[in-house]
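J.: Structure file start_2.txt, compact mmCIF, N, CA and C atoms, is pasted below:
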```txt
# COMPACT_ATOMS: atom_id res chain seq x y z
N MET A 1 2.75 -1.84 22.08
CA MET A 1 1.70 -1.12 21.36
C MET A 1 0.38 -1.81 21.60
N ASN A 2 -0.64 -1.01 21.63
CA ASN A 2 -1.98 -1.51 21.89
C ASN A 2 -2.61 -2.01 20.59
N LYS A 3 -3.30 -3.13 20.66
CA LYS A 3 -3.92 -3.75 19.49
C LYS A 3 -4.86 -2.78 18.75
N GLU A 4 -5.55 -1.90 19.47
CA GLU A 4 -6.50 -1.00 18.83
C GLU A 4 -5.84 0.01 17.89
N LEU A 5 -4.53 0.17 17.98
CA LEU A 5 -3.84 1.10 17.09
C LEU A 5 -3.74 0.56 15.67
N PHE A 6 -3.87 -0.74 15.51
CA PHE A 6 -3.69 -1.35 14.20
C PHE A 6 -5.01 -1.50 13.45
N VAL A 7 -4.93 -1.33 12.15
CA VAL A 7 -6.07 -1.50 11.27
C VAL A 7 -6.55 -2.95 11.38
N PRO A 8 -7.86 -3.20 11.48
CA PRO A 8 -8.36 -4.57 11.55
C PRO A 8 -7.97 -5.40 10.33
N TYR A 9 -7.97 -6.70 10.50
CA TYR A 9 -7.54 -7.66 9.48
C TYR A 9 -8.19 -7.40 8.11
N GLU A 10 -9.51 -7.30 8.07
CA GLU A 10 -10.21 -7.16 6.77
C GLU A 10 -9.78 -5.89 6.04
N GLN A 11 -9.62 -4.78 6.76
CA GLN A 11 -9.23 -3.53 6.12
C GLN A 11 -7.75 -3.58 5.73
N ALA A 12 -6.92 -4.22 6.53
CA ALA A 12 -5.50 -4.36 6.17
C ALA A 12 -5.35 -5.19 4.89
N LEU A 13 -6.15 -6.24 4.76
CA LEU A 13 -6.14 -7.05 3.55
C LEU A 13 -6.59 -6.23 2.34
N ALA A 14 -7.64 -5.43 2.53
CA ALA A 14 -8.12 -4.56 1.44
C ALA A 14 -7.05 -3.54 1.05
N LEU A 15 -6.34 -3.00 2.04
CA LEU A 15 -5.25 -2.06 1.74
C LEU A 15 -4.16 -2.74 0.93
N LYS A 16 -3.83 -3.97 1.31
CA LYS A 16 -2.82 -4.72 0.54
C LYS A 16 -3.28 -4.87 -0.91
N GLU A 17 -4.54 -5.20 -1.10
CA GLU A 17 -5.07 -5.39 -2.46
C GLU A 17 -5.07 -4.09 -3.26
N LEU A 18 -5.11 -2.94 -2.55
CA LEU A 18 -5.05 -1.64 -3.22
C LEU A 18 -3.61 -1.18 -3.47
N GLY A 19 -2.65 -1.95 -2.97
CA GLY A 19 -1.26 -1.62 -3.22
C GLY A 19 -0.48 -1.12 -2.01
N PHE A 20 -1.08 -1.12 -0.84
CA PHE A 20 -0.35 -0.70 0.36
C PHE A 20 0.77 -1.70 0.63
N ASN A 21 2.00 -1.20 0.69
CA ASN A 21 3.14 -2.06 0.99
C ASN A 21 4.21 -1.27 1.71
N GLU A 22 3.80 -0.55 2.75
CA GLU A 22 4.71 0.28 3.54
C GLU A 22 5.25 -0.54 4.71
N PRO A 23 6.47 -0.26 5.13
CA PRO A 23 6.98 -0.92 6.34
C PRO A 23 6.09 -0.61 7.55
N CYS A 24 5.77 -1.63 8.32
CA CYS A 24 4.90 -1.48 9.48
C CYS A 24 5.57 -2.15 10.69
N PHE A 25 5.05 -1.84 11.87
CA PHE A 25 5.55 -2.45 13.09
C PHE A 25 4.97 -3.84 13.32
N ALA A 26 3.96 -4.20 12.54
CA ALA A 26 3.30 -5.48 12.74
C ALA A 26 2.89 -6.05 11.40
N ILE A 27 2.62 -7.35 11.41
CA ILE A 27 2.13 -8.03 10.23
C ILE A 27 0.91 -8.87 10.63
N TYR A 28 0.12 -9.24 9.65
CA TYR A 28 -0.96 -10.19 9.87
C TYR A 28 -0.52 -11.54 9.34
N GLU A 29 -0.80 -12.55 10.14
CA GLU A 29 -0.52 -13.92 9.75
C GLU A 29 -1.63 -14.77 10.34
N ASP A 30 -2.31 -15.53 9.51
CA ASP A 30 -3.43 -16.36 9.96
C ASP A 30 -4.48 -15.56 10.71
N LYS A 31 -4.85 -14.41 10.18
CA LYS A 31 -5.88 -13.53 10.72
C LYS A 31 -5.55 -12.97 12.11
N LYS A 32 -4.31 -13.06 12.52
CA LYS A 32 -3.87 -12.49 13.80
C LYS A 32 -2.73 -11.53 13.51
N TRP A 33 -2.70 -10.43 14.22
CA TRP A 33 -1.58 -9.52 14.04
C TRP A 33 -0.50 -9.87 15.04
N GLN A 34 0.71 -9.59 14.66
CA GLN A 34 1.81 -9.78 15.58
C GLN A 34 2.85 -8.69 15.36
N LEU A 35 3.39 -8.22 16.47
CA LEU A 35 4.44 -7.22 16.38
C LEU A 35 5.73 -7.87 15.90
N VAL A 36 6.41 -7.21 15.00
CA VAL A 36 7.66 -7.72 14.46
C VAL A 36 8.64 -6.57 14.42
N GLU A 37 9.84 -6.81 14.93
CA GLU A 37 10.87 -5.78 14.86
C GLU A 37 11.75 -6.07 13.64
N PHE A 38 11.80 -5.13 12.73
CA PHE A 38 12.61 -5.29 11.53
C PHE A 38 13.86 -4.44 11.66
N LYS A 39 14.99 -5.05 11.43
CA LYS A 39 16.26 -4.33 11.51
C LYS A 39 16.46 -3.45 10.28
N ASN A 40 15.92 -3.87 9.15
CA ASN A 40 16.06 -3.10 7.91
C ASN A 40 14.97 -3.50 6.93
N SER A 41 14.90 -2.81 5.80
CA SER A 41 13.83 -3.07 4.83
C SER A 41 13.96 -4.45 4.19
N ILE A 42 15.17 -5.00 4.13
CA ILE A 42 15.35 -6.33 3.54
C ILE A 42 14.64 -7.38 4.39
N SER A 43 14.79 -7.31 5.71
CA SER A 43 14.12 -8.29 6.57
C SER A 43 12.60 -8.13 6.48
N TYR A 44 12.12 -6.90 6.31
CA TYR A 44 10.68 -6.66 6.14
C TYR A 44 10.19 -7.31 4.85
N GLU A 45 10.91 -7.11 3.76
CA GLU A 45 10.51 -7.68 2.47
C GLU A 45 10.56 -9.20 2.50
N LEU A 46 11.54 -9.78 3.15
CA LEU A 46 11.60 -11.24 3.26
C LEU A 46 10.41 -11.78 4.03
N CYS A 47 10.03 -11.08 5.08
CA CYS A 47 8.87 -11.50 5.87
C CYS A 47 7.61 -11.52 5.02
N LEU A 48 7.45 -10.53 4.15
CA LEU A 48 6.23 -10.42 3.35
C LEU A 48 6.21 -11.39 2.17
N LYS A 49 7.27 -12.15 1.95
CA LYS A 49 7.26 -13.16 0.89
C LYS A 49 6.51 -14.41 1.34
N THR A 50 6.18 -14.48 2.61
CA THR A 50 5.39 -15.59 3.13
C THR A 50 3.92 -15.21 3.00
N ASP A 51 3.06 -15.89 3.71
CA ASP A 51 1.62 -15.61 3.65
C ASP A 51 1.22 -14.50 4.63
N THR A 52 2.07 -13.52 4.78
CA THR A 52 1.78 -12.43 5.69
C THR A 52 1.60 -11.14 4.90
N PHE A 53 1.08 -10.12 5.55
CA PHE A 53 0.99 -8.80 4.93
C PHE A 53 0.99 -7.74 6.02
N PRO A 54 1.28 -6.49 5.64
CA PRO A 54 1.43 -5.43 6.64
C PRO A 54 0.17 -5.21 7.47
N ALA A 55 0.37 -4.90 8.74
CA ALA A 55 -0.69 -4.50 9.65
C ALA A 55 -0.41 -3.04 10.03
N PRO A 56 -0.89 -2.10 9.23
CA PRO A 56 -0.57 -0.69 9.51
C PRO A 56 -1.37 -0.15 10.68
N THR A 57 -0.86 0.93 11.25
CA THR A 57 -1.65 1.68 12.22
C THR A 57 -2.63 2.52 11.41
N PHE A 58 -3.63 3.07 12.08
CA PHE A 58 -4.57 3.94 11.40
C PHE A 58 -3.85 5.14 10.80
N SER A 59 -2.91 5.71 11.55
CA SER A 59 -2.21 6.90 11.02
C SER A 59 -1.40 6.56 9.78
N GLN A 60 -0.79 5.37 9.73
CA GLN A 60 -0.07 4.96 8.52
C GLN A 60 -1.03 4.82 7.34
N ALA A 61 -2.18 4.22 7.57
CA ALA A 61 -3.16 4.04 6.50
C ALA A 61 -3.67 5.38 5.99
N PHE A 62 -4.02 6.29 6.90
CA PHE A 62 -4.52 7.60 6.47
C PHE A 62 -3.44 8.38 5.73
N ARG A 63 -2.20 8.30 6.19
CA ARG A 63 -1.08 8.97 5.52
C ARG A 63 -0.91 8.42 4.09
N TRP A 64 -1.05 7.10 3.93
CA TRP A 64 -0.93 6.46 2.62
C TRP A 64 -2.03 6.96 1.66
N PHE A 65 -3.25 7.09 2.15
CA PHE A 65 -4.33 7.61 1.31
C PHE A 65 -4.04 9.04 0.86
N ARG A 66 -3.47 9.86 1.75
CA ARG A 66 -3.12 11.23 1.37
C ARG A 66 -2.03 11.22 0.30
N LYS A 67 -0.98 10.45 0.55
CA LYS A 67 0.18 10.43 -0.34
C LYS A 67 -0.13 9.80 -1.70
N GLU A 68 -0.77 8.65 -1.69
CA GLU A 68 -0.99 7.89 -2.93
C GLU A 68 -2.24 8.28 -3.70
N HIS A 69 -3.25 8.79 -3.03
CA HIS A 69 -4.54 9.03 -3.69
C HIS A 69 -5.08 10.44 -3.49
N GLY A 70 -4.38 11.28 -2.77
CA GLY A 70 -4.82 12.66 -2.57
C GLY A 70 -6.12 12.78 -1.82
N LEU A 71 -6.41 11.83 -0.95
CA LEU A 71 -7.64 11.85 -0.15
C LEU A 71 -7.29 12.19 1.28
N TYR A 72 -7.91 13.24 1.80
CA TYR A 72 -7.59 13.76 3.12
C TYR A 72 -8.75 13.50 4.08
N ASP A 73 -8.40 13.10 5.29
CA ASP A 73 -9.42 12.78 6.29
C ASP A 73 -9.33 13.75 7.45
N THR A 74 -10.49 13.98 8.06
CA THR A 74 -10.57 14.70 9.32
C THR A 74 -11.48 13.86 10.21
N ILE A 75 -10.93 13.46 11.35
CA ILE A 75 -11.69 12.62 12.28
C ILE A 75 -12.05 13.47 13.49
N SER A 76 -13.30 13.42 13.91
CA SER A 76 -13.72 14.11 15.12
C SER A 76 -14.18 13.06 16.14
N LYS A 77 -14.67 13.51 17.26
CA LYS A 77 -15.06 12.55 18.28
C LYS A 77 -16.26 11.70 17.88
N ASN A 78 -17.05 12.17 16.92
CA ASN A 78 -18.22 11.37 16.52
C ASN A 78 -18.49 11.39 15.02
N GLY A 79 -17.45 11.61 14.22
CA GLY A 79 -17.66 11.60 12.79
C GLY A 79 -16.37 11.81 12.01
N TYR A 80 -16.52 11.91 10.70
CA TYR A 80 -15.36 12.13 9.84
C TYR A 80 -15.75 12.93 8.61
N MET A 81 -14.73 13.48 7.96
CA MET A 81 -14.92 14.15 6.68
C MET A 81 -13.76 13.72 5.78
N ILE A 82 -14.06 13.43 4.53
CA ILE A 82 -13.06 13.07 3.54
C ILE A 82 -13.15 14.09 2.42
N GLU A 83 -12.00 14.61 2.01
CA GLU A 83 -11.94 15.53 0.88
C GLU A 83 -10.85 15.08 -0.07
N GLY A 84 -11.04 15.36 -1.33
CA GLY A 84 -10.05 15.03 -2.34
C GLY A 84 -10.66 15.11 -3.71
N GLU A 85 -9.97 14.51 -4.66
CA GLU A 85 -10.45 14.52 -6.03
C GLU A 85 -10.67 13.09 -6.48
N LEU A 86 -11.78 12.84 -7.09
CA LEU A 86 -12.10 11.51 -7.61
C LEU A 86 -12.54 11.67 -9.05
N ASN A 87 -11.82 11.02 -9.94
CA ASN A 87 -12.13 11.10 -11.37
C ASN A 87 -12.31 12.55 -11.83
N LYS A 88 -11.36 13.39 -11.44
CA LYS A 88 -11.28 14.81 -11.81
C LYS A 88 -12.42 15.66 -11.26
N GLU A 89 -13.13 15.16 -10.27
CA GLU A 89 -14.18 15.94 -9.61
C GLU A 89 -13.87 16.03 -8.13
N PHE A 90 -14.12 17.23 -7.54
CA PHE A 90 -13.88 17.42 -6.11
C PHE A 90 -14.85 16.56 -5.32
N LEU A 91 -14.35 15.97 -4.27
CA LEU A 91 -15.12 15.05 -3.45
C LEU A 91 -15.12 15.55 -2.01
N ARG A 92 -16.27 15.60 -1.39
CA ARG A 92 -16.37 15.89 0.04
C ARG A 92 -17.47 15.00 0.61
N ILE A 93 -17.09 14.17 1.54
CA ILE A 93 -18.03 13.25 2.17
C ILE A 93 -17.95 13.49 3.68
N THR A 94 -19.08 13.66 4.31
CA THR A 94 -19.14 13.86 5.75
C THR A 94 -20.07 12.84 6.36
N LYS A 95 -19.64 12.26 7.45
CA LYS A 95 -20.47 11.31 8.19
C LYS A 95 -20.38 11.69 9.66
N LEU A 96 -21.51 11.96 10.27
CA LEU A 96 -21.57 12.33 11.68
C LEU A 96 -22.41 11.33 12.46
N SER A 97 -22.58 11.57 13.71
CA SER A 97 -23.42 10.76 14.60
C SER A 97 -22.89 9.35 14.82
N LEU A 98 -21.58 9.21 14.84
CA LEU A 98 -20.99 7.93 15.21
C LEU A 98 -20.76 7.92 16.72
N LYS A 99 -20.60 6.75 17.29
CA LYS A 99 -20.56 6.63 18.75
C LYS A 99 -19.26 7.09 19.39
N SER A 100 -18.14 6.98 18.68
CA SER A 100 -16.86 7.30 19.30
C SER A 100 -15.83 7.69 18.24
N HIS A 101 -14.71 8.20 18.69
CA HIS A 101 -13.61 8.54 17.80
C HIS A 101 -13.11 7.29 17.08
N GLU A 102 -13.00 6.18 17.81
CA GLU A 102 -12.52 4.93 17.23
C GLU A 102 -13.47 4.43 16.14
N GLU A 103 -14.78 4.54 16.38
CA GLU A 103 -15.76 4.13 15.38
C GLU A 103 -15.66 5.04 14.15
N ALA A 104 -15.42 6.33 14.38
CA ALA A 104 -15.26 7.28 13.27
C ALA A 104 -14.02 6.95 12.45
N GLU A 105 -12.91 6.58 13.10
CA GLU A 105 -11.69 6.19 12.38
C GLU A 105 -11.94 4.99 11.48
N LEU A 106 -12.57 3.96 12.03
CA LEU A 106 -12.83 2.75 11.26
C LEU A 106 -13.79 3.04 10.11
N ALA A 107 -14.86 3.77 10.37
CA ALA A 107 -15.83 4.10 9.32
C ALA A 107 -15.15 4.92 8.21
N CYS A 108 -14.29 5.84 8.58
CA CYS A 108 -13.57 6.66 7.60
C CYS A 108 -12.65 5.78 6.76
N LEU A 109 -11.92 4.87 7.40
CA LEU A 109 -11.03 3.98 6.67
C LEU A 109 -11.80 3.11 5.69
N ILE A 110 -12.91 2.56 6.12
CA ILE A 110 -13.74 1.72 5.25
C ILE A 110 -14.22 2.53 4.05
N LYS A 111 -14.63 3.78 4.27
CA LYS A 111 -15.10 4.64 3.17
C LYS A 111 -13.95 4.98 2.22
N LEU A 112 -12.76 5.26 2.75
CA LEU A 112 -11.60 5.54 1.89
C LEU A 112 -11.27 4.34 1.01
N ILE A 113 -11.32 3.14 1.56
CA ILE A 113 -11.07 1.93 0.78
C ILE A 113 -12.10 1.82 -0.33
N GLU A 114 -13.35 2.04 -0.01
CA GLU A 114 -14.44 1.98 -1.01
C GLU A 114 -14.21 3.01 -2.11
N ILE A 115 -13.82 4.22 -1.75
CA ILE A 115 -13.59 5.28 -2.73
C ILE A 115 -12.46 4.89 -3.69
N VAL A 116 -11.37 4.39 -3.15
CA VAL A 116 -10.22 4.04 -4.00
C VAL A 116 -10.54 2.85 -4.89
N LYS A 117 -11.30 1.87 -4.37
CA LYS A 117 -11.72 0.74 -5.20
C LYS A 117 -12.53 1.25 -6.40
N THR A 118 -13.41 2.22 -6.15
CA THR A 118 -14.22 2.81 -7.22
C THR A 118 -13.33 3.57 -8.21
N LYS A 119 -12.35 4.29 -7.70
CA LYS A 119 -11.44 5.09 -8.51
C LYS A 119 -10.60 4.20 -9.44
N ILE A 120 -10.20 3.03 -8.95
CA ILE A 120 -9.34 2.12 -9.71
C ILE A 120 -10.11 1.43 -10.83
N ARG A 121 -11.38 1.17 -10.64
CA ARG A 121 -12.17 0.44 -11.64
C ARG A 121 -12.26 1.17 -12.93
```
Go ahead and express the file in the form of structure tokens.
T.:
Amino acid sequence: MNKELFVPYEQALALKELGFNEPCFAIYEDKKWQLVEFKNSISYELCLKTDTFPAPTFSQAFRWFRKEHGLYDTISKNGYMIEGELNKEFLRITKLSLKSHEEAELACLIKLIEIVKTKIR
């Protein structure tokens, strides 16, 4: 797997702090990601009892936001849109004019983290 598929360290740590604890193909340890093959969920849970935490792919992170927080993303080649409900009010945020699809994915993920942090407070 290509390194760019995984959420960067800072955002993965923020996801962990928001409660993300899904099985992933990789973990972060000492600010570096590493691929880990888990035979079952028990080996995954044992691994996370150390100073490591999940390194999700972008698709895993976006799926988690949909499932856990009802926030939906749409990524285009140069922007993103987020829709959902925040504190019982409909939310729609659009950001365009980004340089690439990858930049749009990261910007969208950062905004989703910010939204959920606000929602939890």
J.: Taking (-17.8, 5.0, 1.1) in the file's coordinates, which residues come within 12 Å, counting only C-alpha atoms, written as a list in words?
T.: Tyr80, Met81, Ile82, Leu91, Arg92, Ile93, Thr94, Lys95, Leu106, Ala107, Cys108, Leu109, Ile110, Lys111, Leu112, Ile113, Glu114, Ile115, Val116, Lys117, Thr118 and Lys119 of chain A
J.: Using Å and a single decimal, report how far atom CA of His101 of chain A sits from atom CA of Glu29 of chain A.
T.: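 Spanning atom CA of Glu29 of chain A to atom CA of His101 of chain A is a straight-line distance of 27.2 Å.
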J.: Find the residue from A:Gly84, A:Pro56, A:Gly70, A:Gly79 that sits nearest to Pro8 of chain A; use only N, CA and C atoms when measuring.
T.: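 Ranked by minimum distance to Pro8 of chain A, first place goes to A:Pro56.
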J.: Would you be able to write out as a ChimeraX atom specification which residues have an atom within 7 Å of (-5.1, -0.5, 5.8) in the file's coordinates, counting all atoms listed in the file?
T.: /A:7-8,11-16,55-57,60-62
J.: For Ile75 of chain A, which residue among A:Leu98, A:Phe53, A:Phe90, A:Glu105 is the nearest when counting only N, CA and C atoms?
T.: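 Among A:Leu98, A:Phe53, A:Phe90, A:Glu105, it is A:Glu105 that comes nearest to Ile75 of chain A.
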J.: With only C-alpha atoms as the basis for distance, which of A:Glu89, A:Tyr9, A:Ser76, A:Gly19 is at the shortest distance from Thr52 of chain A?
T.: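 Of all the options, A:Tyr9 lies closest to Thr52 of chain A.
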J.: Could you check which of A:Lys88, A:Phe6, A:Glu68, A:Pro54 is closest to Tyr28 of chain A, using all atoms listed in the file?
T.: A:Pro54
J.: Any idea what the distance is between atom CA of Glu83 of chain A and atom CA of Ser59 of chain A?
T.: 16.5 Å
J.: How would you write, as an MDAnalysis selection string, the set of residues in segment 47-91 of chain A that DSSP gives as helix (DSSP H, G or I)?
T.: chainID A and resid 47 58:69
J.: What is the distance between atom CA of Ala104 of chain A and atom CA of Lys77 of chain A, in Å to one decimal?
T.: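 These atoms are spaced 7.3 Å apart.
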J.: Take every atom of segment 111-114 of chain A listed in the file, pad by 4 Å on each side, and give me the axis-aligned box centre and edge lengths in Å, one decimal, as lines of an AutoDock Vina configuration file.
T.:
```
center_x = -13.1
center_y = 3.7
center_z = 1.1
size_x = 12.0
size_y = 11.7
size_z = 14.4
```
